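Enquirer: This is entry_10.cif, which holds mmCIF, N, CA and C atoms:
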data_my_file
#
loop_
_atom_site.group_PDB
_atom_site.id
_atom_site.type_symbol
_atom_site.label_atom_id
_atom_site.label_comp_id
_atom_site.auth_asym_id
_atom_site.auth_seq_id
_atom_site.Cartn_x
_atom_site.Cartn_y
_atom_site.Cartn_z
ATOM 1 N N THR A 1002 99.892 109.690 99.917
ATOM 2 C CA THR A 1002 100.866 110.305 99.038
ATOM 3 C C THR A 1002 102.252 110.214 99.659
ATOM 4 N N LYS A 1003 103.249 110.552 98.851
ATOM 5 C CA LYS A 1003 104.629 110.473 99.330
ATOM 6 C C LYS A 1003 104.887 111.465 100.457
ATOM 7 N N ALA A 1004 104.272 112.642 100.389
ATOM 8 C CA ALA A 1004 104.489 113.650 101.430
ATOM 9 C C ALA A 1004 103.945 113.172 102.771
ATOM 10 N N ILE A 1005 102.772 112.546 102.748
ATOM 11 C CA ILE A 1005 102.185 112.038 103.992
ATOM 12 C C ILE A 1005 103.020 110.875 104.527
ATOM 13 N N GLN A 1006 103.479 109.994 103.630
ATOM 14 C CA GLN A 1006 104.333 108.890 104.065
ATOM 15 C C GLN A 1006 105.635 109.411 104.671
ATOM 16 N N GLY A 1007 106.196 110.442 104.059
ATOM 17 C CA GLY A 1007 107.415 111.040 104.603
ATOM 18 C C GLY A 1007 107.176 111.650 105.976
ATOM 19 N N ALA A 1008 106.037 112.344 106.124
ATOM 20 C CA ALA A 1008 105.700 112.924 107.429
ATOM 21 C C ALA A 1008 105.496 111.824 108.467
ATOM 22 N N ALA A 1009 104.878 110.720 108.064
ATOM 23 C CA ALA A 1009 104.655 109.604 108.983
ATOM 24 C C ALA A 1009 105.981 108.982 109.412
ATOM 25 N N ARG A 1010 106.913 108.813 108.461
ATOM 26 C CA ARG A 1010 108.234 108.267 108.818
ATOM 27 C C ARG A 1010 108.961 109.195 109.788
ATOM 28 N N GLU A 1011 108.900 110.508 109.525
ATOM 29 C CA GLU A 1011 109.542 111.475 110.420
ATOM 30 C C GLU A 1011 108.922 111.421 111.811
ATOM 31 N N LEU A 1012 107.602 111.346 111.865
ATOM 32 C CA LEU A 1012 106.918 111.242 113.162
ATOM 33 C C LEU A 1012 107.335 109.970 113.892
ATOM 34 N N ALA A 1013 107.444 108.857 113.175
ATOM 35 C CA ALA A 1013 107.852 107.590 113.798
ATOM 36 C C ALA A 1013 109.252 107.718 114.396
ATOM 37 N N ARG A 1014 110.166 108.361 113.655
ATOM 38 C CA ARG A 1014 111.530 108.573 114.187
ATOM 39 C C ARG A 1014 111.490 109.439 115.447
ATOM 40 N N GLU A 1015 110.699 110.511 115.404
ATOM 41 C CA GLU A 1015 110.602 111.397 116.563
ATOM 42 C C GLU A 1015 109.989 110.672 117.762
ATOM 43 N N GLN A 1016 108.959 109.874 117.504
ATOM 44 C CA GLN A 1016 108.303 109.139 118.593
ATOM 45 C C GLN A 1016 109.290 108.146 119.219
ATOM 46 N N THR A 1017 110.091 107.476 118.390
ATOM 47 C CA THR A 1017 111.086 106.537 118.905
ATOM 48 C C THR A 1017 112.112 107.265 119.763
ATOM 49 N N ALA A 1018 112.580 108.408 119.287
ATOM 50 C CA ALA A 1018 113.555 109.200 120.050
ATOM 51 C C ALA A 1018 112.955 109.658 121.379
ATOM 52 N N ARG A 1019 111.687 110.069 121.362
ATOM 53 C CA ARG A 1019 111.032 110.496 122.609
ATOM 54 C C ARG A 1019 110.923 109.314 123.583
ATOM 55 N N ARG A 1020 110.534 108.157 123.071
ATOM 56 C CA ARG A 1020 110.397 106.971 123.921
ATOM 57 C C ARG A 1020 111.754 106.601 124.514
ATOM 58 N N ASP A 1021 112.823 106.659 123.698
ATOM 59 C CA ASP A 1021 114.168 106.325 124.174
ATOM 60 C C ASP A 1021 114.630 107.265 125.278
ATOM 61 N N ARG A 1022 114.164 108.529 125.228
ATOM 62 C CA ARG A 1022 114.517 109.504 126.266
ATOM 63 C C ARG A 1022 113.607 109.413 127.481
ATOM 64 N N GLY A 1023 112.574 108.571 127.394
ATOM 65 C CA GLY A 1023 111.627 108.443 128.497
ATOM 66 C C GLY A 1023 110.549 109.514 128.480
ATOM 67 N N ALA A 1024 110.434 110.243 127.367
ATOM 68 C CA ALA A 1024 109.415 111.291 127.246
ATOM 69 C C ALA A 1024 108.106 110.671 126.745
ATOM 70 N N ALA A 1025 107.026 111.350 127.040
ATOM 71 C CA ALA A 1025 105.714 110.897 126.575
ATOM 72 C C ALA A 1025 105.626 111.063 125.061
ATOM 73 N N PRO A 1026 104.887 110.185 124.387
ATOM 74 C CA PRO A 1026 104.719 110.338 122.938
ATOM 75 C C PRO A 1026 103.869 111.557 122.633
ATOM 76 N N TYR A 1027 103.947 112.000 121.362
ATOM 77 C CA TYR A 1027 103.087 113.102 120.938
ATOM 78 C C TYR A 1027 101.629 112.665 121.070
ATOM 79 N N PRO A 1028 100.758 113.559 121.485
ATOM 80 C CA PRO A 1028 99.335 113.215 121.534
ATOM 81 C C PRO A 1028 98.802 112.908 120.139
ATOM 82 N N ALA A 1029 97.794 112.055 120.078
ATOM 83 C CA ALA A 1029 97.211 111.638 118.799
ATOM 84 C C ALA A 1029 96.745 112.841 117.983
ATOM 85 N N ALA A 1030 96.178 113.852 118.642
ATOM 86 C CA ALA A 1030 95.694 115.036 117.919
ATOM 87 C C ALA A 1030 96.842 115.748 117.207
ATOM 88 N N ASP A 1031 98.026 115.815 117.839
ATOM 89 C CA ASP A 1031 99.186 116.451 117.202
ATOM 90 C C ASP A 1031 99.677 115.637 116.012
ATOM 91 N N VAL A 1032 99.676 114.314 116.161
ATOM 92 C CA VAL A 1032 100.096 113.443 115.065
ATOM 93 C C VAL A 1032 99.154 113.618 113.879
ATOM 94 N N LEU A 1033 97.859 113.597 114.144
ATOM 95 C CA LEU A 1033 96.871 113.754 113.085
ATOM 96 C C LEU A 1033 97.015 115.104 112.393
ATOM 97 N N ARG A 1034 97.209 116.175 113.181
ATOM 98 C CA ARG A 1034 97.374 117.512 112.612
ATOM 99 C C ARG A 1034 98.574 117.559 111.677
ATOM 100 N N ARG A 1035 99.692 116.980 112.089
ATOM 101 C CA ARG A 1035 100.892 117.004 111.247
ATOM 102 C C ARG A 1035 100.696 116.211 109.964
ATOM 103 N N LEU A 1036 99.997 115.093 110.047
ATOM 104 C CA LEU A 1036 99.749 114.302 108.848
ATOM 105 C C LEU A 1036 98.793 115.021 107.897
ATOM 106 N N LEU A 1037 97.765 115.659 108.443
ATOM 107 C CA LEU A 1037 96.811 116.385 107.604
ATOM 108 C C LEU A 1037 97.446 117.611 106.950
ATOM 109 N N ASN A 1038 98.438 118.194 107.611
ATOM 110 C CA ASN A 1038 99.091 119.383 107.071
ATOM 111 C C ASN A 1038 100.220 119.062 106.099
ATOM 112 N N ALA A 1039 100.538 117.772 105.948
ATOM 113 C CA ALA A 1039 101.568 117.391 104.976
ATOM 114 C C ALA A 1039 101.043 117.718 103.582
ATOM 115 N N PRO A 1040 101.838 118.367 102.752
ATOM 116 C CA PRO A 1040 101.354 118.677 101.404
ATOM 117 C C PRO A 1040 101.065 117.392 100.648
ATOM 118 N N THR A 1041 100.050 117.426 99.810
ATOM 119 C CA THR A 1041 99.678 116.238 99.046
ATOM 120 C C THR A 1041 100.421 116.174 97.720
ATOM 121 N N ASP A 1042 101.062 117.255 97.347
ATOM 122 C CA ASP A 1042 101.769 117.308 96.078
ATOM 123 C C ASP A 1042 102.883 118.332 96.238
ATOM 124 N N PRO A 1043 104.061 118.135 95.652
ATOM 125 C CA PRO A 1043 105.134 119.122 95.807
ATOM 126 C C PRO A 1043 104.711 120.523 95.389
ATOM 127 N N ALA A 1044 103.809 120.652 94.431
ATOM 128 C CA ALA A 1044 103.349 121.973 94.000
ATOM 129 C C ALA A 1044 102.545 122.661 95.086
ATOM 130 N N ASP A 1045 102.014 121.882 96.050
ATOM 131 C CA ASP A 1045 101.212 122.468 97.121
ATOM 132 C C ASP A 1045 102.048 123.263 98.109
ATOM 133 N N SER A 1046 103.367 123.079 98.101
ATOM 134 C CA SER A 1046 104.194 123.797 99.062
ATOM 135 C C SER A 1046 104.331 125.282 98.700
ATOM 136 N N ALA A 1047 104.104 125.635 97.454
ATOM 137 C CA ALA A 1047 104.117 127.037 97.035
ATOM 138 C C ALA A 1047 102.724 127.622 97.239
ATOM 139 N N PRO A 1048 102.647 128.931 97.546
ATOM 140 C CA PRO A 1048 101.313 129.513 97.674
ATOM 141 C C PRO A 1048 100.514 129.303 96.397
ATOM 142 N N PRO A 1049 99.273 128.777 96.517
ATOM 143 C CA PRO A 1049 98.492 128.473 95.326
ATOM 144 C C PRO A 1049 97.923 129.696 94.617
ATOM 145 N N PHE A 1050 97.954 130.870 95.255
ATOM 146 C CA PHE A 1050 97.411 132.066 94.621
ATOM 147 C C PHE A 1050 98.020 133.294 95.288
ATOM 148 N N THR A 1051 98.457 134.244 94.496
ATOM 149 C CA THR A 1051 98.913 135.540 95.013
ATOM 150 C C THR A 1051 98.315 136.628 94.138
ATOM 151 N N TRP A 1052 97.674 137.597 94.777
ATOM 152 C CA TRP A 1052 97.136 138.755 94.068
ATOM 153 C C TRP A 1052 98.121 139.897 94.261
ATOM 154 N N THR A 1053 98.510 140.504 93.160
ATOM 155 C CA THR A 1053 99.490 141.589 93.188
ATOM 156 C C THR A 1053 98.801 142.895 92.824
ATOM 157 N N THR A 1054 99.145 143.956 93.539
ATOM 158 C CA THR A 1054 98.573 145.271 93.278
ATOM 159 C C THR A 1054 99.099 145.812 91.954
ATOM 160 N N PRO A 1055 98.461 146.842 91.407
ATOM 161 C CA PRO A 1055 98.980 147.466 90.178
ATOM 162 C C PRO A 1055 100.400 148.009 90.355
ATOM 163 N N HIS A 1056 100.832 148.190 91.612
ATOM 164 C CA HIS A 1056 102.179 148.702 91.892
ATOM 165 C C HIS A 1056 103.208 147.574 91.966
ATOM 166 N N GLY A 1057 102.763 146.330 91.733
ATOM 167 C CA GLY A 1057 103.680 145.201 91.736
ATOM 168 C C GLY A 1057 103.935 144.587 93.089
ATOM 169 N N ARG A 1058 103.187 144.993 94.098
ATOM 170 C CA ARG A 1058 103.375 144.447 95.450
ATOM 171 C C ARG A 1058 102.307 143.390 95.732
ATOM 172 N N PRO A 1059 102.689 142.319 96.440
ATOM 173 C CA PRO A 1059 101.673 141.336 96.814
ATOM 174 C C PRO A 1059 100.697 141.965 97.806
ATOM 175 N N GLY A 1060 99.417 141.748 97.583
ATOM 176 C CA GLY A 1060 98.403 142.296 98.484
ATOM 177 C C GLY A 1060 97.682 141.213 99.253
ATOM 178 N N LEU A 1061 97.492 140.050 98.621
ATOM 179 C CA LEU A 1061 96.788 138.937 99.248
ATOM 180 C C LEU A 1061 97.364 137.653 98.681
ATOM 181 N N SER A 1062 97.601 136.680 99.550
ATOM 182 C CA SER A 1062 98.039 135.379 99.066
ATOM 183 C C SER A 1062 97.370 134.281 99.869
ATOM 184 N N VAL A 1063 97.152 133.170 99.209
ATOM 185 C CA VAL A 1063 96.622 131.980 99.865
ATOM 186 C C VAL A 1063 97.834 131.222 100.384
ATOM 187 N N GLN A 1064 97.911 131.068 101.687
ATOM 188 C CA GLN A 1064 99.044 130.368 102.284
ATOM 189 C C GLN A 1064 98.878 128.862 102.216
ATOM 190 N N SER A 1065 97.641 128.395 102.418
ATOM 191 C CA SER A 1065 97.378 126.963 102.333
ATOM 192 C C SER A 1065 95.909 126.732 102.056
ATOM 193 N N SER A 1066 95.647 125.573 101.512
ATOM 194 C CA SER A 1066 94.283 125.143 101.266
ATOM 195 C C SER A 1066 94.263 123.640 101.471
ATOM 196 N N ASN A 1067 93.583 123.210 102.534
ATOM 197 C CA ASN A 1067 93.531 121.783 102.821
ATOM 198 C C ASN A 1067 92.178 121.430 103.421
ATOM 199 N N ARG A 1068 92.058 120.240 103.950
ATOM 200 C CA ARG A 1068 90.782 119.773 104.508
ATOM 201 C C ARG A 1068 90.281 120.651 105.651
ATOM 202 N N GLN A 1069 91.201 121.304 106.326
ATOM 203 C CA GLN A 1069 90.833 122.112 107.483
ATOM 204 C C GLN A 1069 90.362 123.504 107.107
ATOM 205 N N GLY A 1070 90.620 123.946 105.889
ATOM 206 C CA GLY A 1070 90.190 125.268 105.451
ATOM 207 C C GLY A 1070 91.239 125.954 104.609
ATOM 208 N N VAL A 1071 91.042 127.249 104.427
ATOM 209 C CA VAL A 1071 91.939 128.066 103.609
ATOM 210 C C VAL A 1071 92.550 129.136 104.504
ATOM 211 N N THR A 1072 93.857 129.311 104.396
ATOM 212 C CA THR A 1072 94.554 130.353 105.155
ATOM 213 C C THR A 1072 94.979 131.449 104.189
ATOM 214 N N ILE A 1073 94.526 132.668 104.478
ATOM 215 C CA ILE A 1073 94.784 133.835 103.627
ATOM 216 C C ILE A 1073 95.708 134.803 104.360
ATOM 217 N N ARG A 1074 96.643 135.402 103.628
ATOM 218 C CA ARG A 1074 97.495 136.452 104.201
ATOM 219 C C ARG A 1074 97.195 137.757 103.485
ATOM 220 N N LEU A 1075 96.906 138.783 104.252
ATOM 221 C CA LEU A 1075 96.772 140.146 103.728
ATOM 222 C C LEU A 1075 98.104 140.829 104.006
ATOM 223 N N HIS A 1076 98.786 141.258 102.973
ATOM 224 C CA HIS A 1076 100.136 141.797 103.113
ATOM 225 C C HIS A 1076 100.103 143.277 103.492
ATOM 226 N N ALA A 1077 100.835 143.596 104.536
ATOM 227 C CA ALA A 1077 100.959 144.988 104.967
ATOM 228 C C ALA A 1077 101.769 145.764 103.933
ATOM 229 N N GLY A 1078 101.441 147.031 103.772
ATOM 230 C CA GLY A 1078 102.197 147.900 102.887
ATOM 231 C C GLY A 1078 101.945 147.673 101.410
ATOM 232 N N SER A 1079 100.867 146.975 101.084
ATOM 233 C CA SER A 1079 100.601 146.708 99.665
ATOM 234 C C SER A 1079 100.012 147.921 98.958
ATOM 235 N N GLY A 1080 99.403 148.832 99.724
ATOM 236 C CA GLY A 1080 98.755 149.990 99.136
ATOM 237 C C GLY A 1080 97.332 149.710 98.686
ATOM 238 N N ALA A 1081 96.858 148.472 98.880
ATOM 239 C CA ALA A 1081 95.507 148.095 98.459
ATOM 240 C C ALA A 1081 94.484 148.545 99.496
ATOM 241 N N GLY A 1082 93.329 148.976 99.008
ATOM 242 C CA GLY A 1082 92.231 149.365 99.879
ATOM 243 C C GLY A 1082 91.328 148.174 100.173
ATOM 244 N N THR A 1083 90.382 148.386 101.046
ATOM 245 C CA THR A 1083 89.472 147.321 101.461
ATOM 246 C C THR A 1083 88.720 146.723 100.278
ATOM 247 N N ASP A 1084 88.166 147.567 99.411
ATOM 248 C CA ASP A 1084 87.412 147.054 98.262
ATOM 249 C C ASP A 1084 88.289 146.210 97.339
ATOM 250 N N GLU A 1085 89.535 146.631 97.135
ATOM 251 C CA GLU A 1085 90.447 145.865 96.288
ATOM 252 C C GLU A 1085 90.759 144.505 96.912
ATOM 253 N N LEU A 1086 90.954 144.497 98.235
ATOM 254 C CA LEU A 1086 91.257 143.243 98.916
ATOM 255 C C LEU A 1086 90.062 142.292 98.911
ATOM 256 N N VAL A 1087 88.855 142.839 99.032
ATOM 257 C CA VAL A 1087 87.650 142.003 98.953
ATOM 258 C C VAL A 1087 87.564 141.373 97.571
ATOM 259 N N ASP A 1088 87.811 142.156 96.526
ATOM 260 C CA ASP A 1088 87.812 141.611 95.163
ATOM 261 C C ASP A 1088 88.911 140.556 94.993
ATOM 262 N N ALA A 1089 90.071 140.802 95.586
ATOM 263 C CA ALA A 1089 91.174 139.843 95.508
ATOM 264 C C ALA A 1089 90.793 138.533 96.205
ATOM 265 N N LEU A 1090 90.092 138.634 97.325
ATOM 266 C CA LEU A 1090 89.647 137.437 98.028
ATOM 267 C C LEU A 1090 88.679 136.634 97.157
ATOM 268 N N ARG A 1091 87.781 137.326 96.494
ATOM 269 C CA ARG A 1091 86.853 136.643 95.577
ATOM 270 C C ARG A 1091 87.625 135.932 94.460
ATOM 271 N N GLN A 1092 88.643 136.598 93.923
ATOM 272 C CA GLN A 1092 89.465 135.988 92.872
ATOM 273 C C GLN A 1092 90.189 134.747 93.396
ATOM 274 N N ALA A 1093 90.722 134.853 94.611
ATOM 275 C CA ALA A 1093 91.440 133.725 95.206
ATOM 276 C C ALA A 1093 90.508 132.535 95.407
ATOM 277 N N LEU A 1094 89.312 132.784 95.932
ATOM 278 C CA LEU A 1094 88.363 131.698 96.155
ATOM 279 C C LEU A 1094 87.914 131.073 94.837
ATOM 280 N N ALA A 1095 87.707 131.889 93.802
ATOM 281 C CA ALA A 1095 87.332 131.371 92.489
ATOM 282 C C ALA A 1095 88.464 130.525 91.906
ATOM 283 N N HIS A 1096 89.694 130.978 92.079
ATOM 284 C CA HIS A 1096 90.862 130.244 91.594
ATOM 285 C C HIS A 1096 90.944 128.871 92.263
ATOM 286 N N LEU A 1097 90.796 128.850 93.587
ATOM 287 C CA LEU A 1097 90.846 127.585 94.315
ATOM 288 C C LEU A 1097 89.715 126.656 93.884
ATOM 289 N N GLU A 1098 88.528 127.218 93.713
ATOM 290 C CA GLU A 1098 87.368 126.422 93.289
ATOM 291 C C GLU A 1098 87.627 125.805 91.910
ATOM 292 N N ALA A 1099 88.200 126.577 91.002
ATOM 293 C CA ALA A 1099 88.491 126.076 89.650
ATOM 294 C C ALA A 1099 89.514 124.946 89.676
ATOM 295 N N GLU A 1100 90.405 124.960 90.669
ATOM 296 C CA GLU A 1100 91.410 123.907 90.804
ATOM 297 C C GLU A 1100 90.888 122.710 91.585
ATOM 298 N N GLY A 1101 89.652 122.813 92.096
ATOM 299 C CA GLY A 1101 89.097 121.737 92.915
ATOM 300 C C GLY A 1101 89.605 121.761 94.341
ATOM 301 N N ARG A 1102 90.142 122.908 94.764
ATOM 302 C CA ARG A 1102 90.708 123.035 96.108
ATOM 303 C C ARG A 1102 89.939 124.059 96.939
ATOM 304 N N GLY A 1103 88.711 124.354 96.540
ATOM 305 C CA GLY A 1103 87.918 125.368 97.229
ATOM 306 C C GLY A 1103 87.437 124.902 98.590
ATOM 307 N N LEU A 1104 86.781 125.805 99.286
ATOM 308 C CA LEU A 1104 86.240 125.487 100.600
ATOM 309 C C LEU A 1104 85.165 124.415 100.490
ATOM 310 N N LYS A 1105 85.232 123.461 101.399
ATOM 311 C CA LYS A 1105 84.203 122.430 101.451
ATOM 312 C C LYS A 1105 83.023 122.977 102.237
ATOM 313 N N ARG A 1106 81.842 122.845 101.692
ATOM 314 C CA ARG A 1106 80.663 123.386 102.352
ATOM 315 C C ARG A 1106 79.976 122.350 103.174
#
Can you turn what I pasted into structure tokens?

Expert:
Amino acid sequence: TKAIQGAARELAREQTARRDRGAAPYPAADVLRRLLNAPTDPADSAPPFTWTTPHGRPGLSVQSSNRQGVTIRLHAGSGAGTDELVDALRQALAHLEAEGRGLKR
């Protein structure tokens, strides 16, 4: 995708600059991580799911969903209890699954 190609071009520029300074190149694992974390679509840069409490405060949001897994944020001060957050997590996972972005088993 364009995002991965852009990340690859940026990495190539950084690697060239490091080589010119006499620094060691980035390790392959770091390069791979950065490429895998590049969004595959511009819409992926926004959180794919946010659950809001009845008081209008965000309580849980999906920060990312990629090949490596799903990153969830539980927001402090939302006023949500444990049971509400568990239900919100179920909703988030169902939402991701419906979009084809769910956890790979």

Enquirer: Write out as a PDB file with N, CA and C atoms, in the coordinates of the input each polymer residue whose atoms come within 8 Å of region 1047-1056 of chain A, counting only N, CA and C atoms; drop sequence neighbours fewer than 3 positions from it.

Expert:
ATOM      1  N   ASP A1042     101.062 117.255  97.347  1.00  0.00           N
ATOM      2  CA  ASP A1042     101.769 117.308  96.078  1.00  0.00           C
ATOM      3  C   ASP A1042     102.883 118.332  96.238  1.00  0.00           C
ATOM      4  N   PRO A1043     104.061 118.135  95.652  1.00  0.00           N
ATOM      5  CA  PRO A1043     105.134 119.122  95.807  1.00  0.00           C
ATOM      6  C   PRO A1043     104.711 120.523  95.389  1.00  0.00           C
ATOM      7  N   ALA A1044     103.809 120.652  94.431  1.00  0.00           N
ATOM      8  CA  ALA A1044     103.349 121.973  94.000  1.00  0.00           C
ATOM      9  C   ALA A1044     102.545 122.661  95.086  1.00  0.00           C
ATOM     10  N   PRO A1059     102.689 142.319  96.440  1.00  0.00           N
ATOM     11  CA  PRO A1059     101.673 141.336  96.814  1.00  0.00           C
ATOM     12  C   PRO A1059     100.697 141.965  97.806  1.00  0.00           C
ATOM     13  N   GLY A1060      99.417 141.748  97.583  1.00  0.00           N
ATOM     14  CA  GLY A1060      98.403 142.296  98.484  1.00  0.00           C
ATOM     15  C   GLY A1060      97.682 141.213  99.253  1.00  0.00           C
ATOM     16  N   LEU A1061      97.492 140.050  98.621  1.00  0.00           N
ATOM     17  CA  LEU A1061      96.788 138.937  99.248  1.00  0.00           C
ATOM     18  C   LEU A1061      97.364 137.653  98.681  1.00  0.00           C
ATOM     19  N   SER A1062      97.601 136.680  99.550  1.00  0.00           N
ATOM     20  CA  SER A1062      98.039 135.379  99.066  1.00  0.00           C
ATOM     21  C   SER A1062      97.370 134.281  99.869  1.00  0.00           C
ATOM     22  N   VAL A1063      97.152 133.170  99.209  1.00  0.00           N
ATOM     23  CA  VAL A1063      96.622 131.980  99.865  1.00  0.00           C
ATOM     24  C   VAL A1063      97.834 131.222 100.384  1.00  0.00           C
ATOM     25  N   GLN A1064      97.911 131.068 101.687  1.00  0.00           N
ATOM     26  CA  GLN A1064      99.044 130.368 102.284  1.00  0.00           C
ATOM     27  C   GLN A1064      98.878 128.862 102.216  1.00  0.00           C
ATOM     28  N   SER A1065      97.641 128.395 102.418  1.00  0.00           N
ATOM     29  CA  SER A1065      97.378 126.963 102.333  1.00  0.00           C
ATOM     30  C   SER A1065      95.909 126.732 102.056  1.00  0.00           C
ATOM     31  N   SER A1066      95.647 125.573 101.512  1.00  0.00           N
ATOM     32  CA  SER A1066      94.283 125.143 101.266  1.00  0.00           C
ATOM     33  C   SER A1066      94.263 123.640 101.471  1.00  0.00           C
ATOM     34  N   SER A1079     100.867 146.975 101.084  1.00  0.00           N
ATOM     35  CA  SER A1079     100.601 146.708  99.665  1.00  0.00           C
ATOM     36  C   SER A1079     100.012 147.921  98.958  1.00  0.00           C
ATOM     37  N   GLY A1080      99.403 148.832  99.724  1.00  0.00           N
ATOM     38  CA  GLY A1080      98.755 149.990  99.136  1.00  0.00           C
ATOM     39  C   GLY A1080      97.332 149.710  98.686  1.00  0.00           C
ATOM     40  N   ALA A1081      96.858 148.472  98.880  1.00  0.00           N
ATOM     41  CA  ALA A1081      95.507 148.095  98.459  1.00  0.00           C
ATOM     42  C   ALA A1081      94.484 148.545  99.496  1.00  0.00           C
ATOM     43  N   ALA A1089      90.071 140.802  95.586  1.00  0.00           N
ATOM     44  CA  ALA A1089      91.174 139.843  95.508  1.00  0.00           C
ATOM     45  C   ALA A1089      90.793 138.533  96.205  1.00  0.00           C
ATOM     46  N   LEU A1090      90.092 138.634  97.325  1.00  0.00           N
ATOM     47  CA  LEU A1090      89.647 137.437  98.028  1.00  0.00           C
ATOM     48  C   LEU A1090      88.679 136.634  97.157  1.00  0.00           C
ATOM     49  N   GLN A1092      88.643 136.598  93.923  1.00  0.00           N
ATOM     50  CA  GLN A1092      89.465 135.988  92.872  1.00  0.00           C
ATOM     51  C   GLN A1092      90.189 134.747  93.396  1.00  0.00           C
ATOM     52  N   ALA A1093      90.722 134.853  94.611  1.00  0.00           N
ATOM     53  CA  ALA A1093      91.440 133.725  95.206  1.00  0.00           C
ATOM     54  C   ALA A1093      90.508 132.535  95.407  1.00  0.00           C
ATOM     55  N   HIS A1096      89.694 130.978  92.079  1.00  0.00           N
ATOM     56  CA  HIS A1096      90.862 130.244  91.594  1.00  0.00           C
ATOM     57  C   HIS A1096      90.944 128.871  92.263  1.00  0.00           C
ATOM     58  N   LEU A1097      90.796 128.850  93.587  1.00  0.00           N
ATOM     59  CA  LEU A1097      90.846 127.585  94.315  1.00  0.00           C
ATOM     60  C   LEU A1097      89.715 126.656  93.884  1.00  0.00           C
TER      61      LEU A1097
END

Enquirer: As a list in words, please: every residue in region 1053-1098 of chain A that DSSP puts in helix (DSSP H, G or I).

Expert: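 Helix (DSSP H, G or I) members of region 1053-1098 of chain A, listed: Thr1083, Asp1084, Glu1085, Leu1086, Val1087, Asp1088, Ala1089, Leu1090, Arg1091, Gln1092, Ala1093, Leu1094, Ala1095, His1096, Leu1097 and Glu1098 of chain A.
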
Enquirer: Could you state which residues are captured by the PyMOL selection byres ((chain A and resi 1005) around 6.5) in this file, as a PDB file with N, CA and C atoms, in the coordinates of the input?

Expert:
ATOM      1  N   THR A1002      99.892 109.690  99.917  1.00  0.00           N
ATOM      2  CA  THR A1002     100.866 110.305  99.038  1.00  0.00           C
ATOM      3  C   THR A1002     102.252 110.214  99.659  1.00  0.00           C
ATOM      4  N   LYS A1003     103.249 110.552  98.851  1.00  0.00           N
ATOM      5  CA  LYS A1003     104.629 110.473  99.330  1.00  0.00           C
ATOM      6  C   LYS A1003     104.887 111.465 100.457  1.00  0.00           C
ATOM      7  N   ALA A1004     104.272 112.642 100.389  1.00  0.00           N
ATOM      8  CA  ALA A1004     104.489 113.650 101.430  1.00  0.00           C
ATOM      9  C   ALA A1004     103.945 113.172 102.771  1.00  0.00           C
ATOM     10  N   GLN A1006     103.479 109.994 103.630  1.00  0.00           N
ATOM     11  CA  GLN A1006     104.333 108.890 104.065  1.00  0.00           C
ATOM     12  C   GLN A1006     105.635 109.411 104.671  1.00  0.00           C
ATOM     13  N   GLY A1007     106.196 110.442 104.059  1.00  0.00           N
ATOM     14  CA  GLY A1007     107.415 111.040 104.603  1.00  0.00           C
ATOM     15  C   GLY A1007     107.176 111.650 105.976  1.00  0.00           C
ATOM     16  N   ALA A1008     106.037 112.344 106.124  1.00  0.00           N
ATOM     17  CA  ALA A1008     105.700 112.924 107.429  1.00  0.00           C
ATOM     18  C   ALA A1008     105.496 111.824 108.467  1.00  0.00           C
ATOM     19  N   ALA A1009     104.878 110.720 108.064  1.00  0.00           N
ATOM     20  CA  ALA A1009     104.655 109.604 108.983  1.00  0.00           C
ATOM     21  C   ALA A1009     105.981 108.982 109.412  1.00  0.00           C
ATOM     22  N   ARG A1010     106.913 108.813 108.461  1.00  0.00           N
ATOM     23  CA  ARG A1010     108.234 108.267 108.818  1.00  0.00           C
ATOM     24  C   ARG A1010     108.961 109.195 109.788  1.00  0.00           C
ATOM     25  N   LEU A1036      99.997 115.093 110.047  1.00  0.00           N
ATOM     26  CA  LEU A1036      99.749 114.302 108.848  1.00  0.00           C
ATOM     27  C   LEU A1036      98.793 115.021 107.897  1.00  0.00           C
ATOM     28  N   ALA A1039     100.538 117.772 105.948  1.00  0.00           N
ATOM     29  CA  ALA A1039     101.568 117.391 104.976  1.00  0.00           C
ATOM     30  C   ALA A1039     101.043 117.718 103.582  1.00  0.00           C
ATOM     31  N   PRO A1040     101.838 118.367 102.752  1.00  0.00           N
ATOM     32  CA  PRO A1040     101.354 118.677 101.404  1.00  0.00           C
ATOM     33  C   PRO A1040     101.065 117.392 100.648  1.00  0.00           C
ATOM     34  N   THR A1041     100.050 117.426  99.810  1.00  0.00           N
ATOM     35  CA  THR A1041      99.678 116.238  99.046  1.00  0.00           C
ATOM     36  C   THR A1041     100.421 116.174  97.720  1.00  0.00           C
TER      37      THR A1041
END

Enquirer: Skip Lys1105 (chain A) itself and residues of its chain fewer than 6 positions away, then list as a ChimeraX atom specification all residues within 8 Å of it, counting only N, CA and C atoms.

Expert: /A:1067-1071

Enquirer: Interatomic distance between CA of Leu1037 (chain A) and atom N of Asp1021 (chain A)?

Expert: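 Computing it gives 24.7 Å between the two atoms.
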
Enquirer: Between atom N of Gly1101 (chain A) and atom N of Thr1072 (chain A), what distance in Å does the model show, to one decimal?

Expert: 14.5 Å

Enquirer: Where's the centre, and what are the edge lengths in Å to one decimal, of a box along x, y and z enclosing all listed atoms of region 1050-1061 of chain A padded 4 Å per side, as lines of an AutoDock Vina configuration file?

Expert:
center_x = 100.4
center_y = 139.8
center_z = 94.7
size_x = 15.1
size_y = 25.8
size_z = 17.1

Enquirer: DSSP on the backbone, then: every residue of chain A marked strand (DSSP E or B), written as a ChimeraX atom specification.

Expert: /A:1050-1053,1059-1067,1070-1075

Enquirer: One decimal, Å: what's the distance from atom N of Asp1084 (chain A) over to atom C of Glu1100 (chain A), could you say?

Expert: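 Answer for the atom N of Asp1084 (chain A) to atom C of Glu1100 (chain A) separation: 26.2 Å.
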